[in-house]
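The data block below is start.cif; it holds mmCIF, C-alpha atoms.
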data_target
loop_
_atom_site.label_atom_id
_atom_site.label_comp_id
_atom_site.auth_asym_id
_atom_site.auth_seq_id
_atom_site.Cartn_x
_atom_site.Cartn_y
_atom_site.Cartn_z
CA MET A 1 20.29 -30.06 -74.84
CA LYS A 2 19.87 -26.28 -75.23
CA ARG A 3 16.73 -24.11 -75.11
CA LYS A 4 16.03 -20.54 -76.01
CA VAL A 5 15.22 -18.22 -73.16
CA ASN A 6 13.02 -15.23 -74.16
CA GLY A 7 13.91 -16.09 -77.73
CA LYS A 8 17.34 -14.56 -77.39
CA LYS A 9 19.78 -16.87 -75.75
CA GLU A 10 20.22 -20.53 -75.50
CA VAL A 11 20.88 -22.21 -72.16
CA LYS A 12 21.38 -25.80 -71.15
CA ASP A 13 18.78 -27.82 -69.23
CA ASN A 14 21.05 -28.07 -66.22
CA ASP A 15 21.36 -24.27 -66.17
CA LEU A 16 17.55 -24.01 -66.02
CA SER A 17 17.57 -26.53 -63.21
CA ASN A 18 20.08 -24.45 -61.28
CA ILE A 19 17.95 -21.32 -61.77
CA ASP A 20 14.86 -23.16 -60.54
CA LYS A 21 16.73 -24.36 -57.46
CA LYS A 22 17.96 -20.86 -56.66
CA GLN A 23 14.45 -19.48 -56.97
CA LYS A 24 13.07 -22.22 -54.78
CA ARG A 25 15.73 -21.53 -52.14
CA LYS A 26 14.85 -17.82 -52.21
CA VAL A 27 11.14 -18.56 -51.86
CA LYS A 28 11.83 -21.04 -49.08
CA GLY A 29 14.11 -18.55 -47.27
CA LEU A 30 11.49 -15.84 -47.58
CA ALA A 31 8.83 -18.15 -46.22
CA ILE A 32 11.02 -19.03 -43.25
CA ALA A 33 11.77 -15.36 -42.59
CA VAL A 34 8.07 -14.49 -42.71
CA GLY A 35 7.34 -17.39 -40.38
CA VAL A 36 9.99 -16.30 -37.89
CA LEU A 37 8.73 -12.72 -38.00
CA ALA A 38 5.17 -13.85 -37.45
CA ALA A 39 6.23 -16.08 -34.56
CA SER A 40 8.24 -13.24 -33.04
CA THR A 41 5.32 -10.83 -33.35
CA LEU A 42 3.00 -13.38 -31.78
CA GLY A 43 5.54 -14.01 -29.01
CA LEU A 44 5.83 -10.30 -28.28
CA GLY A 45 2.07 -9.99 -28.21
CA ILE A 46 1.75 -12.87 -25.77
CA ALA A 47 4.61 -11.51 -23.62
CA PHE A 48 2.97 -8.08 -23.51
CA ALA A 49 -0.40 -9.57 -22.58
CA VAL A 50 1.17 -11.69 -19.85
CA SER A 51 3.14 -8.69 -18.54
CA GLU A 52 0.04 -6.49 -18.55
CA THR A 53 -1.96 -9.16 -16.71
CA TYR A 54 0.84 -9.62 -14.17
CA MET A 55 1.05 -5.89 -13.49
CA SER A 56 -2.71 -5.67 -13.14
CA ASN A 57 -2.76 -8.57 -10.68
CA TYR A 58 0.17 -7.10 -8.75
CA GLY A 59 -1.57 -3.73 -8.56
CA THR A 60 -4.74 -5.39 -7.25
CA GLN A 61 -2.80 -7.32 -4.62
CA LEU A 62 -0.94 -4.20 -3.51
CA GLU A 63 -4.18 -2.24 -3.28
CA ASN A 64 -5.67 -5.01 -1.12
CA VAL A 65 -2.65 -4.85 1.21
CA TYR A 66 -2.98 -1.07 1.53
CA GLN A 67 -6.72 -1.31 2.20
CA LYS A 68 -6.15 -3.97 4.87
CA ASN A 69 -3.54 -1.87 6.64
CA LEU A 70 -5.79 1.18 6.55
CA TYR A 71 -8.64 -0.77 8.14
CA ASP A 72 -6.22 -2.32 10.65
CA LEU A 73 -5.16 1.22 11.59
CA VAL A 74 -8.79 2.18 12.12
CA GLU A 75 -9.36 -0.90 14.29
CA SER A 76 -6.27 -0.16 16.39
CA ILE A 77 -7.34 3.46 16.98
CA ASN A 78 -10.90 2.35 17.81
CA ASN A 79 -9.58 -0.22 20.32
CA THR A 80 -7.29 2.36 21.90
CA ASP A 81 -10.18 4.76 22.38
CA THR A 82 -12.47 2.08 23.85
CA LYS A 83 -9.86 0.73 26.26
CA LEU A 84 -8.83 4.18 27.51
CA ALA A 85 -12.46 4.98 28.21
CA LYS A 86 -12.75 1.76 30.27
CA ILE A 87 -9.64 2.59 32.29
CA LEU A 88 -11.01 6.01 33.20
CA VAL A 89 -14.23 4.58 34.69
CA SER A 90 -12.56 1.72 36.58
CA ASN A 91 -11.00 1.73 40.04
CA ASP A 92 -9.81 -1.87 39.77
CA GLU A 93 -6.02 -1.64 39.55
CA ASN A 94 -5.64 -5.14 38.11
CA PHE A 95 -8.11 -4.26 35.37
CA GLN A 96 -6.36 -0.91 34.79
CA ASN A 97 -2.99 -2.65 34.52
CA LYS A 98 -4.27 -5.27 32.08
CA THR A 99 -6.05 -2.68 29.94
CA LEU A 100 -3.06 -0.30 29.88
CA VAL A 101 -0.96 -3.15 28.46
CA GLU A 102 -3.64 -3.74 25.82
CA VAL A 103 -3.63 -0.04 24.91
CA SER A 104 0.15 -0.15 24.47
CA HIS A 105 -0.23 -3.19 22.22
CA SER A 106 -2.93 -1.44 20.16
CA THR A 107 -0.62 1.50 19.55
CA GLU A 108 2.11 -0.89 18.35
CA LEU A 109 -0.34 -2.36 15.84
CA ALA A 110 -1.30 1.15 14.73
CA GLN A 111 2.38 1.97 14.14
CA GLN A 112 2.82 -1.20 12.07
CA SER A 113 -0.23 -0.33 9.96
CA ILE A 114 1.00 3.21 9.34
CA SER A 115 4.47 1.98 8.34
CA ALA A 116 2.88 -0.34 5.76
CA LEU A 117 0.94 2.48 4.07
CA PRO A 118 2.34 4.60 1.19
CA ILE A 119 2.85 7.72 3.31
CA SER A 120 5.33 10.32 2.10
CA GLN A 121 8.59 10.70 4.00
CA GLY A 122 8.29 12.98 7.01
CA ALA A 123 4.52 13.38 6.69
CA MET A 124 2.19 12.84 9.65
CA SER A 125 5.19 12.98 11.98
CA GLU A 126 3.15 14.60 14.76
CA SER A 127 0.41 11.95 14.57
CA ILE A 128 2.97 9.13 14.53
CA THR A 129 4.85 10.67 17.45
CA PHE A 130 1.60 10.96 19.40
CA ILE A 131 0.76 7.28 18.84
CA ASN A 132 4.26 6.30 19.94
CA GLN A 133 3.96 8.44 23.06
CA VAL A 134 0.60 6.94 23.97
CA GLY A 135 2.15 3.48 23.77
CA GLY A 136 5.13 4.55 25.88
CA TYR A 137 3.00 6.35 28.46
CA THR A 138 0.50 3.52 28.96
CA SER A 139 3.33 0.98 29.15
CA THR A 140 5.02 3.07 31.87
CA LEU A 141 1.79 3.28 33.87
CA ALA A 142 1.24 -0.47 33.51
CA LYS A 143 4.70 -1.16 34.96
CA LYS A 144 3.95 1.21 37.83
CA LEU A 145 0.76 -0.67 38.67
CA SER A 146 2.57 -4.01 38.36
CA ASN A 147 4.99 -2.82 41.03
CA GLY A 148 2.15 -2.05 43.45
CA GLY A 149 1.57 1.59 42.55
CA SER A 150 -1.69 3.30 41.63
CA LEU A 151 -2.78 5.97 39.16
CA THR A 152 -2.59 9.52 40.48
CA ALA A 153 -5.13 12.22 39.75
CA ASN A 154 -2.70 13.89 37.33
CA GLU A 155 -2.10 10.62 35.49
CA LYS A 156 -5.82 10.03 35.16
CA GLN A 157 -6.22 13.57 33.85
CA THR A 158 -3.50 12.93 31.26
CA LEU A 159 -5.20 9.68 30.25
CA ALA A 160 -8.47 11.59 29.86
CA GLU A 161 -6.77 14.12 27.56
CA ILE A 162 -5.17 11.31 25.59
CA GLN A 163 -8.52 9.55 25.25
CA LYS A 164 -10.12 12.74 23.95
CA SER A 165 -7.41 13.15 21.30
CA VAL A 166 -7.63 9.48 20.28
CA GLN A 167 -11.40 9.82 20.00
CA GLU A 168 -11.00 12.86 17.73
CA MET A 169 -8.48 10.93 15.63
CA LYS A 170 -10.88 7.99 15.44
CA GLU A 171 -13.73 10.19 14.25
CA GLN A 172 -11.55 11.80 11.58
CA ILE A 173 -10.25 8.45 10.29
CA ASN A 174 -13.72 6.91 10.28
CA GLU A 175 -15.00 9.90 8.31
CA TYR A 176 -12.12 9.50 5.90
CA ILE A 177 -12.92 5.79 5.47
CA HIS A 178 -16.56 6.64 4.76
CA GLU A 179 -15.54 9.14 2.08
CA THR A 180 -13.23 6.66 0.35
CA GLN A 181 -15.40 3.55 0.31
CA LYS A 182 -16.52 3.96 -3.32
CA ASP A 183 -14.10 3.75 -6.27
CA TYR A 184 -11.12 4.93 -4.22
CA SER A 185 -7.64 3.55 -4.83
CA ILE A 186 -4.89 4.14 -2.29
CA LEU A 187 -2.38 2.92 -4.89
CA ASN A 188 -3.50 5.47 -7.48
CA GLN A 189 -3.59 8.24 -4.90
CA SER A 190 -0.10 7.36 -3.71
CA MET A 191 1.22 7.81 -7.27
CA ASP A 192 -0.45 11.23 -7.60
CA LEU A 193 2.37 13.48 -6.40
CA VAL A 194 1.84 17.03 -5.18
CA GLY A 195 5.27 18.48 -4.47
CA ASP A 196 7.11 16.04 -2.20
CA LYS A 197 3.91 14.38 -0.95
CA ASN A 198 1.35 12.11 -2.54
CA ALA A 199 -2.40 12.70 -2.57
CA PHE A 200 -3.06 9.83 -0.15
CA THR A 201 -0.70 11.32 2.43
CA ILE A 202 -2.19 14.78 2.04
CA ARG A 203 -5.71 13.49 2.65
CA LEU A 204 -4.74 11.32 5.60
CA SER A 205 -2.65 14.08 7.19
CA ARG A 206 -5.74 16.29 7.38
CA ILE A 207 -6.66 14.26 10.44
CA LYS A 208 -4.40 16.54 12.49
CA ASP A 209 -5.44 19.69 10.66
CA GLU A 210 -9.13 19.07 11.18
CA GLY A 211 -9.18 19.31 14.94
CA VAL A 212 -7.09 16.71 16.75
CA ASP A 213 -5.29 18.36 19.67
CA TYR A 214 -2.50 16.17 21.02
CA PRO A 215 -1.72 16.57 24.74
CA THR A 216 1.82 16.77 26.05
CA MET A 217 2.97 13.71 27.96
CA ILE A 218 5.90 13.99 30.36
CA TYR A 219 7.05 10.75 31.95
CA ASP A 220 10.24 8.91 32.94
#

File written out as structure tokens:
Amino acid sequence: MKRKVNGKKEVKDNDLSNIDKKQKRKVKGLAIAVGVLAASTLGLGIAFAVSETYMSNYGTQLENVYQKNLYDLVESINNTDTKLAKILVSNDENFQNKTLVEVSHSTELAQQSISALPISQGAMSESITFINQVGGYTSTLAKKLSNGGSLTANEKQTLAEIQKSVQEMKEQINEYIHETQKDYSILNQSMDLVGDKNAFTIRLSRIKDEGVDYPTMIYD
């Protein structure tokens, strides 16, 4: 059977059926394409949200690690100052020996804390060297006392100079901590570059510039 299409041309029923099928396939294909695009867009949105959340969580965790190491550094410096002061007022060689070992251990912890902070390469080298030397010097004196020796007047004088410098360092770091307690991010400051240093390093390195005078230690 034939029918007129638009009043101009006759076509068979099966031809109309074929046209309808083609149109249906096109509509179906378009619907699938739209569905895939929508799913892809949704997937990208979810992936972006998950990625953003992950980065935010990672940033928070990293900031917490930096803050912990900064406070550990403060604690190590405080302990070093306190123990040196105790050594200077004691004449008990066993106590001096034990406390010198503790001072050396505190400096090791301070070094570990510094190494875990985002400090620019080569910065604070003098401060780090001083902490290393304090650890080496007190360890050497502890070994001397363990072998039956005693602290000389010159060694006590050197310890007094070291204790003064450590105390100055402690005061500067504690002041720095006080200034940065509110809305301060070590992570953000470490990404704020000024030349070849970051803002966190610059602020922390002012400890030396603001009055810490490191004594010279000469020992075998």

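Each of A:Met191, A:Ala199, A:Ala85, A:Leu70 was compared to Ala123 of chain A using only C-alpha atoms, and A:Ala199 turns out to be the nearest.
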
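Nearest to Leu141 of chain A of all the residues A:Ile87, A:Glu108, A:Ser120, A:Gln189 is A:Ile87, counting all atoms listed in the file.
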
Notebook entry, point to check: Contacts of Lys144 of chain A at 12 Å or less, counting only C-alpha atoms, minus same-chain residues fewer than 2 places along, as number ranges by chain?
Noted result: A: 93-94, 96-98, 100-101, 137-142, 146-152, 155, 219-220

Next item on the list: Around the point (-4.5, 1.6, 15.4) in the file's coordinates, collect all residues with an atom within 6 Å, using all atoms listed in the file, and return them as number ranges by chain.
Entry: A: 73-77, 106-107, 109-110

As JSON, what would the box around segment 159-175 of chain A look like: edges along x, y and z, 8 Å added on every side, centre and edge lengths in Å to one decimal?
{"center_x": -10.1, "center_y": 10.5, "center_z": 19.3, "size_x": 25.8, "size_y": 23.2, "size_z": 37.9}

Residues selected by the PyMOL selection byres ((chain A and resi 167-170) around 10), written as a short mmCIF file (atom, residue, chain, number, x, y, z; two decimals) with C-alpha atoms, in the coordinates of the input:
data_model
loop_
_atom_site.label_atom_id
_atom_site.label_comp_id
_atom_site.auth_asym_id
_atom_site.auth_seq_id
_atom_site.Cartn_x
_atom_site.Cartn_y
_atom_site.Cartn_z
CA LEU A 73 -5.16 1.22 11.59
CA VAL A 74 -8.79 2.18 12.12
CA GLU A 75 -9.36 -0.90 14.29
CA SER A 76 -6.27 -0.16 16.39
CA ILE A 77 -7.34 3.46 16.98
CA ASN A 78 -10.90 2.35 17.81
CA ASN A 79 -9.58 -0.22 20.32
CA THR A 80 -7.29 2.36 21.90
CA ASP A 81 -10.18 4.76 22.38
CA THR A 82 -12.47 2.08 23.85
CA LEU A 84 -8.83 4.18 27.51
CA ALA A 85 -12.46 4.98 28.21
CA SER A 127 0.41 11.95 14.57
CA GLU A 161 -6.77 14.12 27.56
CA ILE A 162 -5.17 11.31 25.59
CA GLN A 163 -8.52 9.55 25.25
CA LYS A 164 -10.12 12.74 23.95
CA SER A 165 -7.41 13.15 21.30
CA VAL A 166 -7.63 9.48 20.28
CA GLU A 171 -13.73 10.19 14.25
CA GLN A 172 -11.55 11.80 11.58
CA ILE A 173 -10.25 8.45 10.29
CA ASN A 174 -13.72 6.91 10.28
CA GLU A 175 -15.00 9.90 8.31
CA TYR A 176 -12.12 9.50 5.90
CA ILE A 207 -6.66 14.26 10.44
CA LYS A 208 -4.40 16.54 12.49
CA GLU A 210 -9.13 19.07 11.18
CA GLY A 211 -9.18 19.31 14.94
CA VAL A 212 -7.09 16.71 16.75
CA ASP A 213 -5.29 18.36 19.67
CA TYR A 214 -2.50 16.17 21.02
#

Will you model all heavy atoms for segment 172-183 of chain A and pass it back as a PDB file, keeping the file's coordinate frame?
ATOM      1  N   GLN A 172     -12.081  11.305  12.844  1.00  0.00           N
ATOM      2  CA  GLN A 172     -11.550  11.800  11.580  1.00  0.00           C
ATOM      3  C   GLN A 172     -11.220  10.654  10.623  1.00  0.00           C
ATOM      4  O   GLN A 172     -11.516  10.715   9.424  1.00  0.00           O
ATOM      5  CB  GLN A 172     -10.290  12.657  11.828  1.00  0.00           C
ATOM      6  CG  GLN A 172     -10.561  13.941  12.572  1.00  0.00           C
ATOM      7  CD  GLN A 172     -11.391  14.923  11.758  1.00  0.00           C
ATOM      8  OE1 GLN A 172     -11.522  14.804  10.555  1.00  0.00           O
ATOM      9  NE2 GLN A 172     -11.969  15.899  12.439  1.00  0.00           N
ATOM     10  N   ILE A 173     -10.601   9.598  11.144  1.00  0.00           N
ATOM     11  CA  ILE A 173     -10.250   8.450  10.290  1.00  0.00           C
ATOM     12  C   ILE A 173     -11.495   7.742   9.801  1.00  0.00           C
ATOM     13  O   ILE A 173     -11.586   7.346   8.631  1.00  0.00           O
ATOM     14  CB  ILE A 173      -9.327   7.473  11.052  1.00  0.00           C
ATOM     15  CG1 ILE A 173      -7.976   8.132  11.315  1.00  0.00           C
ATOM     16  CG2 ILE A 173      -9.142   6.187  10.251  1.00  0.00           C
ATOM     17  CD1 ILE A 173      -6.993   7.255  12.059  1.00  0.00           C
ATOM     18  N   ASN A 174     -12.478   7.570  10.688  1.00  0.00           N
ATOM     19  CA  ASN A 174     -13.720   6.910  10.280  1.00  0.00           C
ATOM     20  C   ASN A 174     -14.446   7.717   9.206  1.00  0.00           C
ATOM     21  O   ASN A 174     -15.030   7.154   8.273  1.00  0.00           O
ATOM     22  CB  ASN A 174     -14.637   6.705  11.488  1.00  0.00           C
ATOM     23  CG  ASN A 174     -14.161   5.590  12.399  1.00  0.00           C
ATOM     24  OD1 ASN A 174     -13.423   4.699  11.970  1.00  0.00           O
ATOM     25  ND2 ASN A 174     -14.564   5.619  13.655  1.00  0.00           N
ATOM     26  N   GLU A 175     -14.397   9.046   9.329  1.00  0.00           N
ATOM     27  CA  GLU A 175     -15.000   9.900   8.310  1.00  0.00           C
ATOM     28  C   GLU A 175     -14.249   9.756   6.987  1.00  0.00           C
ATOM     29  O   GLU A 175     -14.862   9.692   5.915  1.00  0.00           O
ATOM     30  CB  GLU A 175     -14.957  11.367   8.766  1.00  0.00           C
ATOM     31  CG  GLU A 175     -15.591  12.336   7.767  1.00  0.00           C
ATOM     32  CD  GLU A 175     -15.549  13.767   8.240  1.00  0.00           C
ATOM     33  OE1 GLU A 175     -15.399  13.981   9.459  1.00  0.00           O
ATOM     34  OE2 GLU A 175     -15.652  14.670   7.392  1.00  0.00           O
ATOM     35  N   TYR A 176     -12.947   9.683   7.091  1.00  0.00           N
ATOM     36  CA  TYR A 176     -12.120   9.500   5.900  1.00  0.00           C
ATOM     37  C   TYR A 176     -12.448   8.168   5.223  1.00  0.00           C
ATOM     38  O   TYR A 176     -12.592   8.088   3.996  1.00  0.00           O
ATOM     39  CB  TYR A 176     -10.647   9.559   6.291  1.00  0.00           C
ATOM     40  CG  TYR A 176      -9.701   9.162   5.187  1.00  0.00           C
ATOM     41  CD1 TYR A 176      -9.552   9.953   4.057  1.00  0.00           C
ATOM     42  CD2 TYR A 176      -8.944   7.991   5.278  1.00  0.00           C
ATOM     43  CE1 TYR A 176      -8.676   9.597   3.049  1.00  0.00           C
ATOM     44  CE2 TYR A 176      -8.075   7.635   4.276  1.00  0.00           C
ATOM     45  CZ  TYR A 176      -7.946   8.438   3.169  1.00  0.00           C
ATOM     46  OH  TYR A 176      -7.088   8.076   2.168  1.00  0.00           O
ATOM     47  N   ILE A 177     -12.581   7.110   6.008  1.00  0.00           N
ATOM     48  CA  ILE A 177     -12.920   5.790   5.470  1.00  0.00           C
ATOM     49  C   ILE A 177     -14.262   5.842   4.755  1.00  0.00           C
ATOM     50  O   ILE A 177     -14.438   5.279   3.667  1.00  0.00           O
ATOM     51  CB  ILE A 177     -12.967   4.730   6.594  1.00  0.00           C
ATOM     52  CG1 ILE A 177     -11.558   4.462   7.121  1.00  0.00           C
ATOM     53  CG2 ILE A 177     -13.595   3.437   6.102  1.00  0.00           C
ATOM     54  CD1 ILE A 177     -10.648   3.770   6.151  1.00  0.00           C
ATOM     55  N   HIS A 178     -15.223   6.527   5.359  1.00  0.00           N
ATOM     56  CA  HIS A 178     -16.560   6.640   4.760  1.00  0.00           C
ATOM     57  C   HIS A 178     -16.492   7.348   3.407  1.00  0.00           C
ATOM     58  O   HIS A 178     -17.164   6.961   2.453  1.00  0.00           O
ATOM     59  CB  HIS A 178     -17.493   7.398   5.700  1.00  0.00           C
ATOM     60  CG  HIS A 178     -18.872   7.605   5.150  1.00  0.00           C
ATOM     61  ND1 HIS A 178     -19.783   6.570   5.045  1.00  0.00           N
ATOM     62  CD2 HIS A 178     -19.493   8.716   4.653  1.00  0.00           C
ATOM     63  CE1 HIS A 178     -20.904   7.032   4.502  1.00  0.00           C
ATOM     64  NE2 HIS A 178     -20.750   8.328   4.260  1.00  0.00           N
ATOM     65  N   GLU A 179     -15.655   8.376   3.322  1.00  0.00           N
ATOM     66  CA  GLU A 179     -15.540   9.140   2.080  1.00  0.00           C
ATOM     67  C   GLU A 179     -14.871   8.328   0.966  1.00  0.00           C
ATOM     68  O   GLU A 179     -15.103   8.579  -0.218  1.00  0.00           O
ATOM     69  CB  GLU A 179     -14.708  10.409   2.329  1.00  0.00           C
ATOM     70  CG  GLU A 179     -15.393  11.430   3.213  1.00  0.00           C
ATOM     71  CD  GLU A 179     -14.488  12.607   3.519  1.00  0.00           C
ATOM     72  OE1 GLU A 179     -13.324  12.576   3.070  1.00  0.00           O
ATOM     73  OE2 GLU A 179     -14.930  13.538   4.202  1.00  0.00           O
ATOM     74  N   THR A 180     -14.039   7.384   1.337  1.00  0.00           N
ATOM     75  CA  THR A 180     -13.230   6.660   0.350  1.00  0.00           C
ATOM     76  C   THR A 180     -13.715   5.239   0.077  1.00  0.00           C
ATOM     77  O   THR A 180     -12.987   4.447  -0.508  1.00  0.00           O
ATOM     78  CB  THR A 180     -11.770   6.611   0.809  1.00  0.00           C
ATOM     79  OG1 THR A 180     -11.705   5.924   2.072  1.00  0.00           O
ATOM     80  CG2 THR A 180     -11.191   7.999   0.958  1.00  0.00           C
ATOM     81  N   GLN A 181     -14.909   4.919   0.495  1.00  0.00           N
ATOM     82  CA  GLN A 181     -15.400   3.550   0.310  1.00  0.00           C
ATOM     83  C   GLN A 181     -15.700   3.231  -1.156  1.00  0.00           C
ATOM     84  O   GLN A 181     -15.584   2.095  -1.578  1.00  0.00           O
ATOM     85  CB  GLN A 181     -16.642   3.315   1.172  1.00  0.00           C
ATOM     86  CG  GLN A 181     -16.315   3.065   2.640  1.00  0.00           C
ATOM     87  CD  GLN A 181     -17.562   2.813   3.467  1.00  0.00           C
ATOM     88  OE1 GLN A 181     -18.666   3.182   3.071  1.00  0.00           O
ATOM     89  NE2 GLN A 181     -17.399   2.189   4.607  1.00  0.00           N
ATOM     90  N   LYS A 182     -16.081   4.210  -1.954  1.00  0.00           N
ATOM     91  CA  LYS A 182     -16.520   3.960  -3.320  1.00  0.00           C
ATOM     92  C   LYS A 182     -15.469   4.414  -4.331  1.00  0.00           C
ATOM     93  O   LYS A 182     -15.094   5.582  -4.378  1.00  0.00           O
ATOM     94  CB  LYS A 182     -17.849   4.670  -3.598  1.00  0.00           C
ATOM     95  CG  LYS A 182     -18.415   4.364  -4.979  1.00  0.00           C
ATOM     96  CD  LYS A 182     -19.753   5.063  -5.178  1.00  0.00           C
ATOM     97  CE  LYS A 182     -20.325   4.763  -6.558  1.00  0.00           C
ATOM     98  NZ  LYS A 182     -21.613   5.454  -6.789  1.00  0.00           N
ATOM     99  N   ASP A 183     -15.010   3.460  -5.149  1.00  0.00           N
ATOM    100  CA  ASP A 183     -14.100   3.750  -6.270  1.00  0.00           C
ATOM    101  C   ASP A 183     -12.887   4.568  -5.835  1.00  0.00           C
ATOM    102  O   ASP A 183     -12.477   5.504  -6.521  1.00  0.00           O
ATOM    103  CB  ASP A 183     -14.838   4.492  -7.390  1.00  0.00           C
ATOM    104  CG  ASP A 183     -15.975   3.668  -7.970  1.00  0.00           C
ATOM    105  OD1 ASP A 183     -15.853   2.432  -7.969  1.00  0.00           O
ATOM    106  OD2 ASP A 183     -16.971   4.265  -8.407  1.00  0.00           O
TER     107      ASP A 183
END
